[in-house]
Every structure is written in structure tokens, then in C-alpha cells.
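Participant: Below is the file work_11.cif, which contains mmCIF, C-alpha atoms.
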data_query
loop_
_atom_site.label_atom_id
_atom_site.label_comp_id
_atom_site.auth_asym_id
_atom_site.auth_seq_id
_atom_site.Cartn_x
_atom_site.Cartn_y
_atom_site.Cartn_z
CA GLY G 951 -146.32 -110.73 -152.01
CA ASP G 952 -148.32 -107.84 -150.66
CA SER G 953 -152.09 -108.17 -150.71
CA VAL G 954 -155.31 -106.56 -149.53
CA THR G 955 -158.46 -108.43 -148.52
CA GLN G 956 -161.83 -106.73 -148.29
CA MET G 957 -165.21 -107.97 -147.18
CA GLU G 958 -167.37 -109.00 -150.08
CA GLY G 959 -170.36 -106.97 -151.05
CA PRO G 960 -172.79 -105.76 -151.82
CA VAL G 961 -173.51 -104.12 -148.51
CA THR G 962 -177.06 -102.79 -148.33
CA LEU G 963 -178.00 -100.34 -145.57
CA SER G 964 -180.80 -97.99 -144.74
CA GLU G 965 -180.07 -94.28 -144.53
CA GLU G 966 -178.52 -93.24 -141.18
CA ALA G 967 -177.30 -96.76 -140.43
CA PHE G 968 -173.76 -97.45 -139.19
CA LEU G 969 -171.27 -98.67 -141.77
CA THR G 970 -168.24 -100.91 -141.39
CA ILE G 971 -166.29 -102.28 -144.32
CA ASN G 972 -163.51 -104.61 -143.24
CA CYS G 973 -160.05 -104.48 -144.77
CA THR G 974 -156.95 -106.46 -143.83
CA TYR G 975 -153.57 -106.43 -145.48
CA THR G 976 -150.35 -108.38 -145.86
CA ALA G 977 -147.13 -106.47 -146.48
CA THR G 978 -143.45 -107.13 -145.97
CA GLY G 979 -142.58 -103.50 -145.33
CA TYR G 980 -144.33 -100.52 -143.78
CA PRO G 981 -147.17 -99.63 -146.11
CA SER G 982 -149.34 -96.59 -146.41
CA LEU G 983 -153.02 -97.47 -146.41
CA PHE G 984 -155.82 -95.90 -148.39
CA TRP G 985 -159.53 -96.00 -149.02
CA TYR G 986 -160.66 -95.00 -152.49
CA VAL G 987 -164.24 -94.48 -153.60
CA GLN G 988 -165.74 -94.90 -157.06
CA TYR G 989 -169.14 -93.33 -157.53
CA PRO G 990 -171.34 -94.63 -160.35
CA GLY G 991 -169.93 -93.60 -163.72
CA GLU G 992 -167.01 -91.73 -162.20
CA GLY G 993 -163.31 -92.23 -161.69
CA LEU G 994 -161.46 -93.23 -158.56
CA GLN G 995 -161.18 -90.68 -155.75
CA LEU G 996 -159.07 -90.82 -152.64
CA LEU G 997 -161.35 -90.91 -149.60
CA LEU G 998 -158.79 -91.08 -146.79
CA LYS G 999 -155.35 -92.37 -145.96
CA ALA G 1000 -153.01 -93.28 -143.11
CA THR G 1001 -149.26 -93.53 -143.41
CA LYS G 1002 -148.20 -95.14 -140.12
CA ALA G 1003 -149.47 -97.31 -137.30
CA ASP G 1004 -152.23 -95.83 -135.12
CA ASP G 1005 -152.88 -93.01 -137.59
CA LYS G 1006 -156.55 -92.29 -138.19
CA GLY G 1007 -157.64 -91.08 -141.59
CA SER G 1008 -160.92 -89.22 -141.87
CA ASN G 1009 -162.96 -87.44 -144.52
CA LYS G 1010 -166.65 -86.75 -145.20
CA GLY G 1011 -167.63 -88.53 -141.97
CA PHE G 1012 -165.68 -91.67 -142.86
CA GLU G 1013 -162.87 -92.90 -140.61
CA ALA G 1014 -160.30 -95.66 -140.66
CA THR G 1015 -157.50 -96.44 -138.19
CA TYR G 1016 -154.22 -98.08 -139.18
CA ARG G 1017 -153.94 -101.11 -136.86
CA LYS G 1018 -150.56 -102.73 -137.22
CA GLU G 1019 -151.22 -105.40 -134.58
CA THR G 1020 -154.23 -106.71 -136.50
CA THR G 1021 -153.00 -105.60 -139.96
CA SER G 1022 -156.35 -103.92 -140.53
CA PHE G 1023 -157.75 -100.66 -141.86
CA HIS G 1024 -161.52 -100.94 -141.48
CA LEU G 1025 -163.69 -98.18 -142.91
CA GLU G 1026 -166.47 -96.79 -140.70
CA LYS G 1027 -169.16 -94.15 -140.88
CA GLY G 1028 -171.66 -93.41 -138.17
CA SER G 1029 -174.60 -92.44 -140.36
CA VAL G 1030 -174.64 -93.23 -144.07
CA GLN G 1031 -176.52 -91.27 -146.70
CA VAL G 1032 -177.97 -92.30 -150.03
CA SER G 1033 -175.21 -90.29 -151.68
CA ASP G 1034 -172.62 -92.64 -150.14
CA SER G 1035 -173.72 -95.41 -152.50
CA ALA G 1036 -170.55 -96.33 -154.37
CA VAL G 1037 -167.79 -98.93 -154.60
CA TYR G 1038 -165.11 -98.64 -151.93
CA PHE G 1039 -161.57 -99.93 -152.46
CA CYS G 1040 -158.99 -100.51 -149.78
CA ALA G 1041 -155.41 -100.21 -151.02
CA LEU G 1042 -151.84 -100.18 -149.84
CA SER G 1043 -148.64 -98.68 -151.07
CA ASP G 1044 -145.51 -100.44 -149.88
CA ARG G 1045 -142.94 -97.69 -149.83
CA SER G 1046 -140.11 -100.03 -148.93
CA ASP G 1047 -139.62 -101.09 -152.54
CA SER G 1048 -139.66 -97.46 -153.71
CA SER G 1049 -142.16 -98.18 -156.43
CA TYR G 1050 -145.11 -96.31 -154.89
CA LYS G 1051 -147.53 -98.48 -156.80
CA LEU G 1052 -150.88 -99.36 -155.25
CA ILE G 1053 -152.27 -102.80 -154.52
CA PHE G 1054 -156.05 -102.84 -154.35
CA GLY G 1055 -158.59 -105.00 -152.63
CA SER G 1056 -161.47 -106.42 -154.60
CA GLY G 1057 -163.80 -103.54 -153.79
CA THR G 1058 -167.04 -103.46 -151.78
CA ARG G 1059 -170.21 -102.10 -153.28
CA LEU G 1060 -172.34 -100.10 -150.84
CA LEU G 1061 -176.00 -99.43 -151.53
CA VAL G 1062 -177.82 -97.06 -149.22
CA ARG G 1063 -181.61 -97.02 -149.40
CA PRO G 1064 -183.78 -94.08 -148.34
CA SER T 197 -152.71 -82.58 -155.88
CA ALA T 198 -152.46 -83.46 -159.56
CA VAL T 199 -155.06 -83.11 -162.28
CA ILE T 200 -155.01 -85.92 -164.81
CA SER T 201 -156.74 -85.84 -168.18
CA GLN T 202 -157.31 -89.03 -170.11
CA LYS T 203 -158.44 -89.35 -173.70
CA PRO T 204 -160.61 -90.87 -175.00
CA SER T 205 -163.09 -91.24 -172.16
CA ARG T 206 -164.68 -94.20 -173.92
CA ASP T 207 -164.48 -96.08 -177.18
CA ILE T 208 -165.97 -99.06 -178.94
CA CYS T 209 -163.44 -100.90 -181.08
CA GLN T 210 -163.39 -103.81 -183.47
CA ARG T 211 -161.45 -106.89 -182.49
CA GLY T 212 -157.99 -107.06 -184.00
CA THR T 213 -157.51 -103.29 -183.96
CA SER T 214 -155.45 -101.16 -181.57
CA LEU T 215 -156.34 -98.19 -179.39
CA THR T 216 -153.97 -95.62 -177.91
CA ILE T 217 -154.99 -93.93 -174.67
CA GLN T 218 -153.42 -90.63 -173.70
CA CYS T 219 -152.72 -89.37 -170.19
CA GLN T 220 -151.79 -85.75 -169.53
CA VAL T 221 -150.82 -84.44 -166.08
CA ASP T 222 -150.86 -80.78 -165.09
CA SER T 223 -147.48 -81.01 -163.35
CA GLN T 224 -144.22 -82.90 -163.77
CA VAL T 225 -144.29 -86.26 -162.04
CA THR T 226 -141.73 -89.00 -161.73
CA MET T 227 -144.02 -91.99 -161.44
CA MET T 228 -146.90 -92.73 -163.79
CA PHE T 229 -148.90 -95.94 -163.67
CA TRP T 230 -151.43 -97.69 -165.88
CA TYR T 231 -154.16 -99.83 -164.32
CA ARG T 232 -156.88 -102.04 -165.74
CA GLN T 233 -160.27 -102.52 -164.15
CA GLN T 234 -162.15 -105.39 -165.71
CA PRO T 235 -165.97 -105.38 -165.40
CA GLY T 236 -166.98 -105.79 -161.78
CA GLN T 237 -163.39 -106.30 -160.70
CA SER T 238 -160.76 -104.40 -158.80
CA LEU T 239 -157.84 -102.50 -160.28
CA THR T 240 -154.78 -104.35 -161.50
CA LEU T 241 -151.51 -102.62 -162.24
CA ILE T 242 -150.39 -103.10 -165.84
CA ALA T 243 -147.10 -101.23 -165.78
CA THR T 244 -145.09 -98.32 -164.48
CA ALA T 245 -144.25 -95.75 -167.15
CA ASN T 246 -140.70 -94.50 -166.77
CA GLN T 247 -139.48 -91.32 -168.42
CA GLY T 248 -136.51 -91.98 -170.67
CA SER T 249 -136.58 -95.76 -170.39
CA GLU T 250 -138.82 -98.72 -171.06
CA ALA T 251 -141.89 -99.29 -168.96
CA THR T 252 -141.80 -101.86 -166.18
CA TYR T 253 -144.54 -104.47 -166.64
CA GLU T 254 -146.30 -106.51 -163.99
CA SER T 255 -146.66 -110.24 -164.18
CA GLY T 256 -149.17 -111.21 -166.85
CA PHE T 257 -148.70 -108.08 -168.96
CA VAL T 258 -146.29 -107.77 -171.88
CA ILE T 259 -144.94 -104.93 -173.97
CA ASP T 260 -146.17 -106.37 -177.26
CA LYS T 261 -149.76 -106.26 -176.04
CA PHE T 262 -149.58 -103.02 -174.03
CA PRO T 263 -146.83 -100.78 -175.43
CA ILE T 264 -146.31 -97.65 -173.36
CA SER T 265 -144.63 -94.37 -174.18
CA ARG T 266 -143.42 -91.73 -171.73
CA PRO T 267 -141.81 -88.94 -173.76
CA ASN T 268 -141.72 -86.41 -170.91
CA LEU T 269 -142.65 -85.90 -167.26
CA THR T 270 -146.25 -84.83 -167.95
CA PHE T 271 -147.45 -87.27 -170.62
CA SER T 272 -147.82 -90.98 -171.29
CA THR T 273 -149.70 -93.24 -173.67
CA LEU T 274 -150.90 -96.81 -173.36
CA THR T 275 -151.76 -98.80 -176.47
CA VAL T 276 -153.99 -101.85 -176.31
CA SER T 277 -152.92 -103.91 -179.31
CA ASN T 278 -154.70 -106.56 -181.35
CA MET T 279 -157.77 -106.23 -179.17
CA SER T 280 -160.16 -109.01 -178.26
CA PRO T 281 -163.41 -108.83 -176.25
CA GLU T 282 -161.42 -109.88 -173.16
CA ASP T 283 -159.69 -106.49 -173.30
CA SER T 284 -162.98 -104.72 -172.58
CA SER T 285 -162.18 -102.83 -169.38
CA ILE T 286 -161.65 -99.44 -167.88
CA TYR T 287 -158.05 -98.32 -168.24
CA LEU T 288 -156.81 -95.76 -165.72
CA CYS T 289 -153.76 -93.58 -165.59
CA SER T 290 -152.36 -92.74 -162.17
CA VAL T 291 -149.56 -90.63 -160.75
CA GLY T 292 -147.95 -91.02 -157.37
CA SER T 293 -146.49 -88.56 -154.96
CA PRO T 294 -142.99 -89.08 -153.58
CA GLY T 295 -142.97 -91.47 -150.65
CA GLY T 296 -146.17 -93.12 -151.79
CA ALA T 297 -148.23 -90.77 -149.67
CA GLU T 298 -150.95 -90.48 -152.27
CA ALA T 299 -151.97 -91.45 -155.78
CA PHE T 300 -154.19 -89.57 -158.18
CA PHE T 301 -156.26 -91.08 -160.94
CA GLY T 302 -157.61 -89.97 -164.26
CA GLN T 303 -161.28 -90.47 -165.08
CA GLY T 304 -160.46 -93.61 -166.97
CA THR T 305 -161.05 -94.85 -170.50
CA ARG T 306 -163.95 -97.27 -170.88
CA LEU T 307 -163.07 -99.64 -173.70
CA THR T 308 -165.51 -102.04 -175.29
CA VAL T 309 -164.23 -104.48 -177.89
CA VAL T 310 -166.82 -106.02 -180.22
#
Once more with this new file: its structure as C-alpha cells, please.
Facilitator:
Amino acid sequence: GDSVTQMEGPVTLSEEAFLTINCTYTATGYPSLFWYVQYPGEGLQLLLKATKADDKGSNKGFEATYRKETTSFHLEKGSVQVSDSAVYFCALSDRSDSSYKLIFGSGTRLLVRP
Amino acid sequence: SAVISQKPSRDICQRGTSLTIQCQVDSQVTMMFWYRQQPGQSLTLIATANQGSEATYESGFVIDKFPISRPNLTFSTLTVSNMSPEDSSIYLCSVGSPGGAEAFFGQGTRLTVV
């Protein structure tokens, strides 16, 4: 079945450091790919998305490119801030089965220190 | 986008009792989903709530334990029945957009069973 694999955390960085959180996926169809963020004590928010190969999603300085050849959707940010401390979830939605449900990775906790 | 309201936001319940969680959406949606997020874990889909028919449950989840209602296109409830401490989790309601382009989440219900 479909699955998402994320790098394990926690990831601890100093402010203004470069961030990469790896995400790879397995899907039988042509999935849409997402990054969701969960700030402490809050619900899940969509950070960015990409719906087809080579699309780049971006938001709040974060970027991720849909790489079909490597089945990856790595999250990057050039300069992290303390306020970026949160748990980040990679997810896919396999539209081919018409269910539109999401399959999540295990989540990666990011801690940014001043 | 869709605005999703969940009630209650949190509760502490005695084992053996049941809790019903409500999910209200500000627009009519076809697909509604219920997820569970166990402590420190990722999100796992419990079921898809279908309007006018029984919910569709994922492997490992059964109707007797998690009965779901979907009386109309803007509302759904999830009941956690005969609770045990293992049911302590965050339960999230989600709605999807056609084509799986995006999913929106409620703030979640943090359940603690003692």
C-alpha cells in the first residue's frame, strides 16, 4: 500500500541555519504531496503542496519539489527562525482511488534555538 | 478553504465511558474524515464519514468502538466507546477538496482516559 517515510527527529538547529527534512513516498497512482505543520498546542495546518511531478510548493520561506524520479518531496528553508519550531508532517493523497484520504509520515520535530 | 469547528476541544474521561466528538464545517463537503493522533505519533485515519450511508473504516478500526454519524453535508460525530487509557489521543476531523488537492483540519479533541 501507499506509504510515506520521513527522517526521524528531533532536528535541532540554530536560528538562521539551513533546514532540510527528507520525505520519500511509495504510491501506486499519481499522488498529491503535502507538508503539514503542527505548532505546539495547535491543530494541523497545511504548509505547502504539489500536485504533479516537478511542481514546487512554497510558503513562508519553505519549499519542496515533487521529484517523481526519486519519489521524494524534501522540505527546505534557507534560514529558520525560532518561530518555526514545530512538528512537520509529510503526507500524500492518492487520487487514483478517489478517496482523497491522506497518508501521513511519522512527523519530524524541529527545534530552533536562538 | 473550509473552517472546521470541533467540540469538545479536550476532555478527561473515566474508563468504560463513551465520548462523542462533534465536527461542524462552514460549507457543504462530500468527504469528511476522522483521524487519531496518539501521543508522539503521526496521524492515522480511522474512517471516512459518508453522508447517507455507513462510514468506511480503515483496518484496525471497527464501528462498535468508533461509531460515526453523518446526518448532513456539514456535520459529523465520532463516538469513542467503552474507553480505556489506550484511547488517550488527539482526534481530528478533516474535510477534503475534490480531487484531493487539499485537506483541512479541525483543531482536534484532546482526550485523556483515566
Participant: Here is a test: counting only C-alpha atoms, which residue of G:Ala1014, G:Leu1061, G:Ala1000, G:Val1032 is nearest to chain T?
Facilitator: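 Result for the nearest residue to chain T: G:Ala1000.
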Participant: Pick out the residues sitting within 9 Å of range 980-994 of chain G, and hand them over as a ChimeraX atom specification; count all atoms listed in the file, and ignore anything fewer than 2 positions along from it in its own chain.
Facilitator: /G:977-978,996-1003,1007,1014,1016,1023,1025,1033-1046 /T:288,296-298,300-304
Participant: Given the file above and the PyMOL selection byres ((chain T and resi 219) around 7), which residues are selected, and can you give them as a PyMOL selection string?
Facilitator: chain T and resi 200-203+217-218+220-221+271-273+289
Participant: Please write the residues from the selection above to a file, keeping C-alpha atoms, as a compact mmCIF listing (two decimals), keeping the file's coordinate frame.
Facilitator:
# COMPACT_ATOMS: atom_id res chain seq x y z
CA ILE T 200 -155.01 -85.92 -164.81
CA SER T 201 -156.74 -85.84 -168.18
CA GLN T 202 -157.31 -89.03 -170.11
CA LYS T 203 -158.44 -89.35 -173.70
CA ILE T 217 -154.99 -93.93 -174.67
CA GLN T 218 -153.42 -90.63 -173.70
CA GLN T 220 -151.79 -85.75 -169.53
CA VAL T 221 -150.82 -84.44 -166.08
CA PHE T 271 -147.45 -87.27 -170.62
CA SER T 272 -147.82 -90.98 -171.29
CA THR T 273 -149.70 -93.24 -173.67
CA CYS T 289 -153.76 -93.58 -165.59
Participant: Just how far from CA of Ser223 in chain T is CA of Gly1057 in chain G, in Å to one decimal?
Facilitator: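 Between CA of Gly1057 in chain G and CA of Ser223 in chain T the gap works out to 29.4 Å.
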Participant: From the options G:Ala967, G:Ser1029, G:Val1062, G:Lys1051, which residue's atoms come nearest to Ala299 in chain T, counting all atoms listed in the file?
Facilitator: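 Result for the nearest residue to Ala299 in chain T: G:Lys1051.
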Participant: Compare T:Val276, T:Met228, T:Val199, T:Gln233 by their minimum atom-to-atom distance to Ser1056 in chain G, counting only C-alpha atoms, and give me the closest one.
Facilitator: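 Between T:Val276, T:Met228, T:Val199, T:Gln233, the residue approaching Ser1056 in chain G most closely is T:Gln233.
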